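One file, model.cif, carrying mmCIF, C-alpha atoms, pLDDT in the B column; chains and numbers go by the auth columns:
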data_target
loop_
_atom_site.group_PDB
_atom_site.id
_atom_site.type_symbol
_atom_site.label_atom_id
_atom_site.label_comp_id
_atom_site.label_asym_id
_atom_site.label_seq_id
_atom_site.Cartn_x
_atom_site.Cartn_y
_atom_site.Cartn_z
_atom_site.B_iso_or_equiv
_atom_site.auth_seq_id
_atom_site.auth_asym_id
ATOM 1 C CA MET A 1 -56.662 2.052 23.164 98.00 5 A
ATOM 2 C CA LYS A 2 -54.922 -1.301 22.687 98.00 6 A
ATOM 3 C CA LEU A 3 -54.624 -3.686 19.742 98.00 7 A
ATOM 4 C CA THR A 4 -52.895 -7.038 20.244 98.00 8 A
ATOM 5 C CA SER A 5 -52.844 -10.504 18.729 98.00 9 A
ATOM 6 C CA PRO A 6 -52.435 -13.833 20.523 98.00 10 A
ATOM 7 C CA ALA A 7 -50.718 -15.051 17.324 98.00 11 A
ATOM 8 C CA PHE A 8 -47.744 -12.631 17.366 98.00 12 A
ATOM 9 C CA GLU A 9 -46.141 -9.885 19.440 98.00 13 A
ATOM 10 C CA ASN A 10 -45.873 -6.280 18.278 98.00 14 A
ATOM 11 C CA ASN A 11 -42.962 -6.186 15.796 98.00 15 A
ATOM 12 C CA GLY A 12 -42.899 -9.981 15.892 98.00 16 A
ATOM 13 C CA LYS A 13 -43.136 -12.559 13.137 98.00 17 A
ATOM 14 C CA ILE A 14 -46.571 -13.299 11.727 98.00 18 A
ATOM 15 C CA PRO A 15 -46.998 -17.099 11.654 98.00 19 A
ATOM 16 C CA SER A 16 -47.119 -18.503 8.108 96.00 20 A
ATOM 17 C CA LYS A 17 -50.652 -19.797 8.801 97.00 21 A
ATOM 18 C CA TYR A 18 -51.876 -16.240 8.206 98.00 22 A
ATOM 19 C CA THR A 19 -49.966 -15.750 4.932 97.00 23 A
ATOM 20 C CA CYS A 20 -49.975 -16.945 1.334 95.00 24 A
ATOM 21 C CA ASP A 21 -47.623 -19.730 2.439 96.00 25 A
ATOM 22 C CA GLY A 22 -50.220 -21.108 4.843 95.00 26 A
ATOM 23 C CA VAL A 23 -53.999 -21.194 5.083 95.00 27 A
ATOM 24 C CA GLY A 24 -54.121 -17.443 4.476 95.00 28 A
ATOM 25 C CA ILE A 25 -56.733 -16.651 7.112 97.00 29 A
ATOM 26 C CA SER A 26 -56.708 -13.480 9.174 98.00 30 A
ATOM 27 C CA PRO A 27 -54.975 -13.562 12.556 98.00 31 A
ATOM 28 C CA PRO A 28 -56.977 -13.151 15.746 98.00 32 A
ATOM 29 C CA LEU A 29 -56.963 -9.599 17.112 98.00 33 A
ATOM 30 C CA LYS A 30 -57.862 -8.313 20.585 98.00 34 A
ATOM 31 C CA ILE A 31 -59.168 -4.790 21.159 98.00 35 A
ATOM 32 C CA SER A 32 -59.374 -2.985 24.500 98.00 36 A
ATOM 33 C CA ASP A 33 -59.549 0.449 26.106 98.00 37 A
ATOM 34 C CA VAL A 34 -61.658 1.975 23.325 98.00 38 A
ATOM 35 C CA PRO A 35 -62.713 5.535 24.204 98.00 39 A
ATOM 36 C CA ALA A 36 -66.122 5.592 25.899 97.00 40 A
ATOM 37 C CA ASN A 37 -67.513 8.094 23.382 98.00 41 A
ATOM 38 C CA ALA A 38 -66.503 6.037 20.325 98.00 42 A
ATOM 39 C CA LYS A 39 -69.302 4.952 17.992 98.00 43 A
ATOM 40 C CA THR A 40 -67.386 2.749 15.544 98.00 44 A
ATOM 41 C CA LEU A 41 -63.936 1.359 14.749 98.00 45 A
ATOM 42 C CA VAL A 42 -61.910 1.102 11.529 98.00 46 A
ATOM 43 C CA LEU A 43 -59.170 -1.477 10.908 98.00 47 A
ATOM 44 C CA LEU A 44 -56.634 -1.102 8.100 98.00 48 A
ATOM 45 C CA MET A 45 -53.834 -3.570 7.344 98.00 49 A
ATOM 46 C CA GLU A 46 -51.084 -2.121 5.177 98.00 50 A
ATOM 47 C CA ASP A 47 -47.713 -3.134 3.730 98.00 51 A
ATOM 48 C CA PRO A 48 -45.531 -0.068 3.011 97.00 52 A
ATOM 49 C CA ASP A 49 -42.506 -2.207 2.045 97.00 53 A
ATOM 50 C CA ILE A 50 -43.648 -3.265 -1.422 96.00 54 A
ATOM 51 C CA PRO A 51 -40.974 -3.231 -4.143 96.00 55 A
ATOM 52 C CA GLU A 52 -40.733 -0.351 -6.613 95.00 56 A
ATOM 53 C CA VAL A 53 -41.893 -2.602 -9.485 94.00 57 A
ATOM 54 C CA VAL A 54 -45.143 -3.353 -7.603 93.00 58 A
ATOM 55 C CA LYS A 55 -45.663 0.343 -6.864 95.00 59 A
ATOM 56 C CA GLN A 56 -45.309 1.137 -10.563 95.00 60 A
ATOM 57 C CA ARG A 57 -47.403 -1.777 -11.790 94.00 61 A
ATOM 58 C CA PHE A 58 -50.345 -1.052 -9.497 93.00 62 A
ATOM 59 C CA ARG A 59 -49.744 2.711 -9.205 94.00 63 A
ATOM 60 C CA ILE A 60 -49.731 2.525 -5.414 94.00 64 A
ATOM 61 C CA GLN A 61 -47.340 3.290 -2.572 96.00 65 A
ATOM 62 C CA ILE A 62 -48.831 0.864 -0.021 97.00 66 A
ATOM 63 C CA TRP A 63 -50.419 -2.560 -0.466 97.00 67 A
ATOM 64 C CA ASP A 64 -53.767 -2.639 1.359 97.00 68 A
ATOM 65 C CA HIS A 65 -54.331 -6.148 2.728 97.00 69 A
ATOM 66 C CA TRP A 66 -57.513 -5.675 4.757 98.00 70 A
ATOM 67 C CA ILE A 67 -60.045 -2.903 5.263 98.00 71 A
ATOM 68 C CA LEU A 68 -62.855 -3.119 7.798 98.00 72 A
ATOM 69 C CA PHE A 69 -65.018 -0.196 8.864 98.00 73 A
ATOM 70 C CA ASN A 70 -68.101 0.458 10.993 98.00 74 A
ATOM 71 C CA LEU A 71 -67.066 -2.172 13.523 98.00 75 A
ATOM 72 C CA PRO A 72 -69.137 -1.643 16.674 98.00 76 A
ATOM 73 C CA ALA A 73 -67.132 0.323 19.262 98.00 77 A
ATOM 74 C CA THR A 74 -67.908 -2.510 21.690 98.00 78 A
ATOM 75 C CA THR A 75 -65.881 -4.991 19.607 98.00 79 A
ATOM 76 C CA LYS A 76 -63.388 -6.789 21.850 98.00 80 A
ATOM 77 C CA GLU A 77 -61.958 -9.199 19.303 97.00 81 A
ATOM 78 C CA ILE A 78 -61.835 -10.124 15.665 98.00 82 A
ATOM 79 C CA PRO A 79 -61.624 -13.930 15.731 98.00 83 A
ATOM 80 C CA GLU A 80 -59.141 -15.824 13.573 97.00 84 A
ATOM 81 C CA GLY A 81 -60.409 -16.090 10.008 97.00 85 A
ATOM 82 C CA LYS A 82 -63.352 -13.755 10.618 96.00 86 A
ATOM 83 C CA SER A 83 -64.332 -10.203 9.741 95.00 87 A
ATOM 84 C CA VAL A 84 -66.338 -7.757 11.819 96.00 88 A
ATOM 85 C CA GLY A 85 -68.126 -4.680 10.525 97.00 89 A
ATOM 86 C CA THR A 86 -68.223 -3.732 6.854 98.00 90 A
ATOM 87 C CA LYS A 87 -65.605 -4.908 4.352 98.00 91 A
ATOM 88 C CA GLY A 88 -63.735 -2.362 2.288 98.00 92 A
ATOM 89 C CA LYS A 89 -61.784 -2.922 -0.927 96.00 93 A
ATOM 90 C CA GLY A 90 -58.042 -3.283 -0.584 94.00 94 A
ATOM 91 C CA THR A 91 -55.482 -3.876 -3.318 95.00 95 A
ATOM 92 C CA TYR A 92 -56.567 -7.484 -3.852 90.00 96 A
ATOM 93 C CA PRO A 93 -59.484 -8.001 -6.267 88.00 97 A
ATOM 94 C CA HIS A 94 -61.748 -9.153 -3.407 91.00 98 A
ATOM 95 C CA LEU A 95 -63.109 -7.727 -0.163 95.00 99 A
ATOM 96 C CA ASN A 96 -61.576 -10.287 2.185 95.00 100 A
ATOM 97 C CA TYR A 97 -58.361 -10.430 4.150 97.00 101 A
ATOM 98 C CA GLY A 98 -55.335 -10.922 1.931 95.00 102 A
ATOM 99 C CA GLY A 99 -52.416 -12.462 3.787 96.00 103 A
ATOM 100 C CA PRO A 100 -48.807 -11.332 3.594 97.00 104 A
ATOM 101 C CA CYS A 101 -46.942 -12.595 0.530 95.00 105 A
ATOM 102 C CA PRO A 102 -43.783 -10.504 0.151 96.00 106 A
ATOM 103 C CA PRO A 103 -41.962 -11.217 -3.123 93.00 107 A
ATOM 104 C CA ASP A 104 -38.520 -10.049 -2.066 94.00 108 A
ATOM 105 C CA LYS A 105 -37.619 -9.699 1.623 95.00 109 A
ATOM 106 C CA GLU A 106 -39.091 -9.270 5.084 97.00 110 A
ATOM 107 C CA HIS A 107 -41.967 -6.794 5.065 98.00 111 A
ATOM 108 C CA ARG A 108 -43.724 -4.941 7.879 98.00 112 A
ATOM 109 C CA TYR A 109 -47.510 -5.221 8.142 98.00 113 A
ATOM 110 C CA PHE A 110 -49.280 -2.422 9.983 98.00 114 A
ATOM 111 C CA PHE A 111 -52.633 -3.233 11.582 98.00 115 A
ATOM 112 C CA LYS A 112 -54.057 0.239 12.258 98.00 116 A
ATOM 113 C CA LEU A 113 -57.090 0.624 14.491 98.00 117 A
ATOM 114 C CA TYR A 114 -59.065 3.861 14.706 98.00 118 A
ATOM 115 C CA ALA A 115 -61.852 4.792 17.122 98.00 119 A
ATOM 116 C CA LEU A 116 -64.379 7.165 15.575 98.00 120 A
ATOM 117 C CA ASP A 117 -67.135 9.367 16.950 98.00 121 A
ATOM 118 C CA ALA A 118 -69.447 8.475 14.038 98.00 122 A
ATOM 119 C CA LYS A 119 -70.619 5.695 11.774 98.00 123 A
ATOM 120 C CA LEU A 120 -69.268 6.070 8.245 98.00 124 A
ATOM 121 C CA ASP A 121 -71.863 6.589 5.524 97.00 125 A
ATOM 122 C CA LEU A 122 -70.180 4.181 3.101 98.00 126 A
ATOM 123 C CA LEU A 123 -71.202 0.958 1.403 97.00 127 A
ATOM 124 C CA GLU A 124 -69.379 -2.359 1.437 97.00 128 A
ATOM 125 C CA GLY A 125 -66.519 -2.233 -1.043 97.00 129 A
ATOM 126 C CA ALA A 126 -65.500 1.347 -0.236 97.00 130 A
ATOM 127 C CA THR A 127 -61.818 1.950 -0.953 96.00 131 A
ATOM 128 C CA LYS A 128 -59.232 2.923 1.649 96.00 132 A
ATOM 129 C CA VAL A 129 -59.154 6.439 0.182 96.00 133 A
ATOM 130 C CA GLN A 130 -62.926 6.716 0.673 97.00 134 A
ATOM 131 C CA VAL A 131 -62.723 5.324 4.216 98.00 135 A
ATOM 132 C CA GLU A 132 -59.859 7.653 5.164 97.00 136 A
ATOM 133 C CA LYS A 133 -61.651 10.682 3.728 98.00 137 A
ATOM 134 C CA ALA A 134 -64.898 9.817 5.547 98.00 138 A
ATOM 135 C CA MET A 135 -63.210 9.192 8.903 97.00 139 A
ATOM 136 C CA HIS A 136 -60.777 12.143 8.739 95.00 140 A
ATOM 137 C CA SER A 137 -62.599 14.523 11.093 96.00 141 A
ATOM 138 C CA HIS A 138 -64.015 11.751 13.330 98.00 142 A
ATOM 139 C CA ILE A 139 -60.860 10.111 14.770 98.00 143 A
ATOM 140 C CA LEU A 140 -60.835 9.925 18.577 98.00 144 A
ATOM 141 C CA ALA A 141 -57.913 7.521 19.002 98.00 145 A
ATOM 142 C CA ARG A 142 -55.479 5.497 16.899 98.00 146 A
ATOM 143 C CA ILE A 143 -53.208 2.539 17.646 98.00 147 A
ATOM 144 C CA GLU A 144 -51.192 0.125 15.536 98.00 148 A
ATOM 145 C CA LEU A 145 -49.827 -3.372 15.777 98.00 149 A
ATOM 146 C CA ILE A 146 -46.911 -4.311 13.529 98.00 150 A
ATOM 147 C CA GLY A 147 -46.217 -7.830 12.311 98.00 151 A
ATOM 148 C CA ARG A 148 -43.324 -8.944 10.129 98.00 152 A
ATOM 149 C CA TYR A 149 -43.111 -11.675 7.541 98.00 153 A
ATOM 150 C CA GLU A 150 -40.512 -13.037 5.141 97.00 154 A
ATOM 151 C CA ARG A 151 -41.158 -15.976 2.855 93.00 155 A
ATOM 152 C CA ILE A 152 -38.906 -18.991 3.213 82.00 156 A
ATOM 153 C CA ARG A 153 -37.341 -19.794 -0.126 69.00 157 A
#
What do you get writing this file as C-alpha cells?
Amino acid sequence: MKLTSPAFENNGKIPSKYTCDGVGISPPLKISDVPANAKTLVLLMEDPDIPEVVKQRFRIQIWDHWILFNLPATTKEIPEGKSVGTKGKGTYPHLNYGGPCPPDKEHRYFFKLYALDAKLDLLEGATKVQVEKAMHSHILARIELIGRYERIR
C-alpha cells in the first residue's frame, strides 16, 4: 500500500498553506496498492512532538489533527481541502482537518493509512480511541507518510 502527497515528500516540509500560518486546508493525498480484499480505509494524522505543557493541559500524549474512517477501499485520492469517508473527532473542538501549528520547534506529522477488512460500526464524531479499538482486529495493511513543519518566527 502507498500513501503520498503531491504537496510534500515523505519526511519533507509541509507547505505553510496547509498549516495555521496559511489557509489551513488539508494537503492532497494519493492512495495506491490497497489490498484487493480491503473493504474500507482509515486515515489518522498525528503529532507526537507536542510539548510537555500541552500533554499535561490536554491530558494527551499525541495531538490528533485529522481522523477519517470508512473511506471506500477504492479511494485513490483525498483532494486538497476535502475529506472522504466519515469524520472522527481529533483533539481540536471540531471534526475537520486541523493544520500543523507547533508552538515551539519543528514537529513531525504522521499521516497513517490503514486498510481494513470491514466497515467500522461507528458514527461521525467517533474518537481516535474508538476508531482504533474498532479497527484493531481488522487491519490488513498499514502505511505512513511523514511531513515536518516549523513555524517561522
- Item | Chain and number of each residue from the PyMOL selection byres ((chain A and resi 73) around 12), as number ranges by chain | A: 43-49, 70-72, 74-77, 79, 87-93, 99, 116-120, 122-132, 134-136, 138-139
- Task: Check which residues satisfy the PyMOL selection byres ((chain A and resi 37) around 10) in the file shown, then give them as a list in words.
- Result: Met5, Lys6, Leu7, Ile35, Ser36, Val38, Pro39, Ala40, Thr78 and Lys80 of chain A
Expected axis-aligned box over every listed atom of stretch 90-103 of chain A, 5 Å added per side, centre plus edges in Å to one decimal, as JSON:
{"center_x": -60.3, "center_y": -7.4, "center_z": 0.3, "size_x": 25.8, "size_y": 20.1, "size_z": 23.1}
- the PyMOL selection byres ((chain A and resi 53) around 10) resolved against shown file, as a count of residues only: 17
- Task: Figure out the distance between atom CA of A:Ile18 and atom CA of A:Glu148, please, to one decimal in Å.
- Result: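 Between atom CA of A:Glu148 and atom CA of A:Ile18 the gap is 14.7 Å.
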- Task: Scan for residues within 9 Å of the point (-41.6, -4.5, 17.0) in the coordinates of the file, using all atoms listed in the file, and reply as an NGL selection string.
- Result: :A and (13-16 or 149-152)
- Return the single residue from A:Cys105, A:Ile143, A:Val57, A:Ala11 that is closest to A:Pro83, with distances computed using all atoms listed in the file.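 The shortest atom-to-atom distance to A:Pro83 comes from A:Ala11.
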- Query: In terms of the shortest atom-to-atom distance over all atoms listed in the file, which of A:Arg155, A:His69, A:Lys86, A:His142 is closest to A:Ala42?
  - Reply: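 Closest residue, counting all atoms listed in the file: A:His142.
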- For atom CA of A:Gly85 and atom CA of A:Ser20, quote the distance in Å rounded to one decimal.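 If I compute the distance from atom CA of A:Gly85 to atom CA of A:Ser20, I get 13.6 Å.
Between atom CA of A:Phe114 and atom CA of A:Ser9 there is a distance of 12.4 Å.
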- Item | Among listed residues A:Thr23, A:Asn41, A:Gln60, A:Thr8, nearest A:Ala145 (using all atoms listed in the file) | A:Asn41
Where atoms are missing, can you supply N, CA and C atoms for stretch 51-71 of chain A and output the lot as a compact mmCIF listing (two decimals), in the coordinates of the input?
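The file below, result_4.txt, is the result:
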# COMPACT_ATOMS: atom_id res chain seq x y z
N ASP A 51 -49.11 -2.77 3.94
CA ASP A 51 -47.71 -3.13 3.73
C ASP A 51 -47.04 -1.98 2.99
N PRO A 52 -46.22 -1.17 3.68
CA PRO A 52 -45.53 -0.07 3.01
C PRO A 52 -44.21 -0.48 2.36
N ASP A 53 -43.81 -1.75 2.51
CA ASP A 53 -42.51 -2.21 2.04
C ASP A 53 -42.52 -2.88 0.67
N ILE A 54 -43.55 -2.63 -0.10
CA ILE A 54 -43.65 -3.26 -1.42
C ILE A 54 -42.53 -2.76 -2.34
N PRO A 55 -42.05 -3.63 -3.24
CA PRO A 55 -40.97 -3.23 -4.14
C PRO A 55 -41.43 -2.16 -5.14
N GLU A 56 -40.47 -1.43 -5.66
CA GLU A 56 -40.73 -0.35 -6.61
C GLU A 56 -41.51 -0.85 -7.84
N VAL A 57 -41.20 -2.06 -8.31
CA VAL A 57 -41.89 -2.60 -9.48
C VAL A 57 -43.39 -2.79 -9.20
N VAL A 58 -43.73 -3.18 -7.98
CA VAL A 58 -45.14 -3.35 -7.60
C VAL A 58 -45.82 -1.99 -7.51
N LYS A 59 -45.12 -1.02 -6.94
CA LYS A 59 -45.66 0.34 -6.86
C LYS A 59 -46.01 0.87 -8.26
N GLN A 60 -45.10 0.65 -9.19
CA GLN A 60 -45.31 1.14 -10.56
C GLN A 60 -46.42 0.37 -11.26
N ARG A 61 -46.41 -0.94 -11.11
CA ARG A 61 -47.40 -1.78 -11.79
C ARG A 61 -48.83 -1.46 -11.35
N PHE A 62 -49.01 -1.29 -10.04
CA PHE A 62 -50.34 -1.05 -9.50
C PHE A 62 -50.64 0.43 -9.24
N ARG A 63 -49.62 1.27 -9.45
CA ARG A 63 -49.74 2.71 -9.20
C ARG A 63 -50.18 3.00 -7.77
N ILE A 64 -49.45 2.39 -6.85
CA ILE A 64 -49.73 2.52 -5.41
C ILE A 64 -48.42 2.73 -4.67
N GLN A 65 -48.51 3.17 -3.45
CA GLN A 65 -47.34 3.29 -2.57
C GLN A 65 -47.39 2.25 -1.45
N ILE A 66 -48.60 1.80 -1.12
CA ILE A 66 -48.83 0.86 -0.02
C ILE A 66 -49.79 -0.22 -0.51
N TRP A 67 -49.51 -1.47 -0.14
CA TRP A 67 -50.42 -2.56 -0.47
C TRP A 67 -51.42 -2.69 0.68
N ASP A 68 -52.70 -2.55 0.36
CA ASP A 68 -53.77 -2.64 1.36
C ASP A 68 -54.28 -4.07 1.43
N HIS A 69 -54.00 -4.74 2.55
CA HIS A 69 -54.33 -6.15 2.73
C HIS A 69 -55.73 -6.38 3.29
N TRP A 70 -56.24 -5.43 4.06
CA TRP A 70 -57.51 -5.68 4.76
C TRP A 70 -58.09 -4.34 5.17
N ILE A 71 -59.36 -4.13 4.88
CA ILE A 71 -60.04 -2.90 5.26
C ILE A 71 -61.39 -3.28 5.86
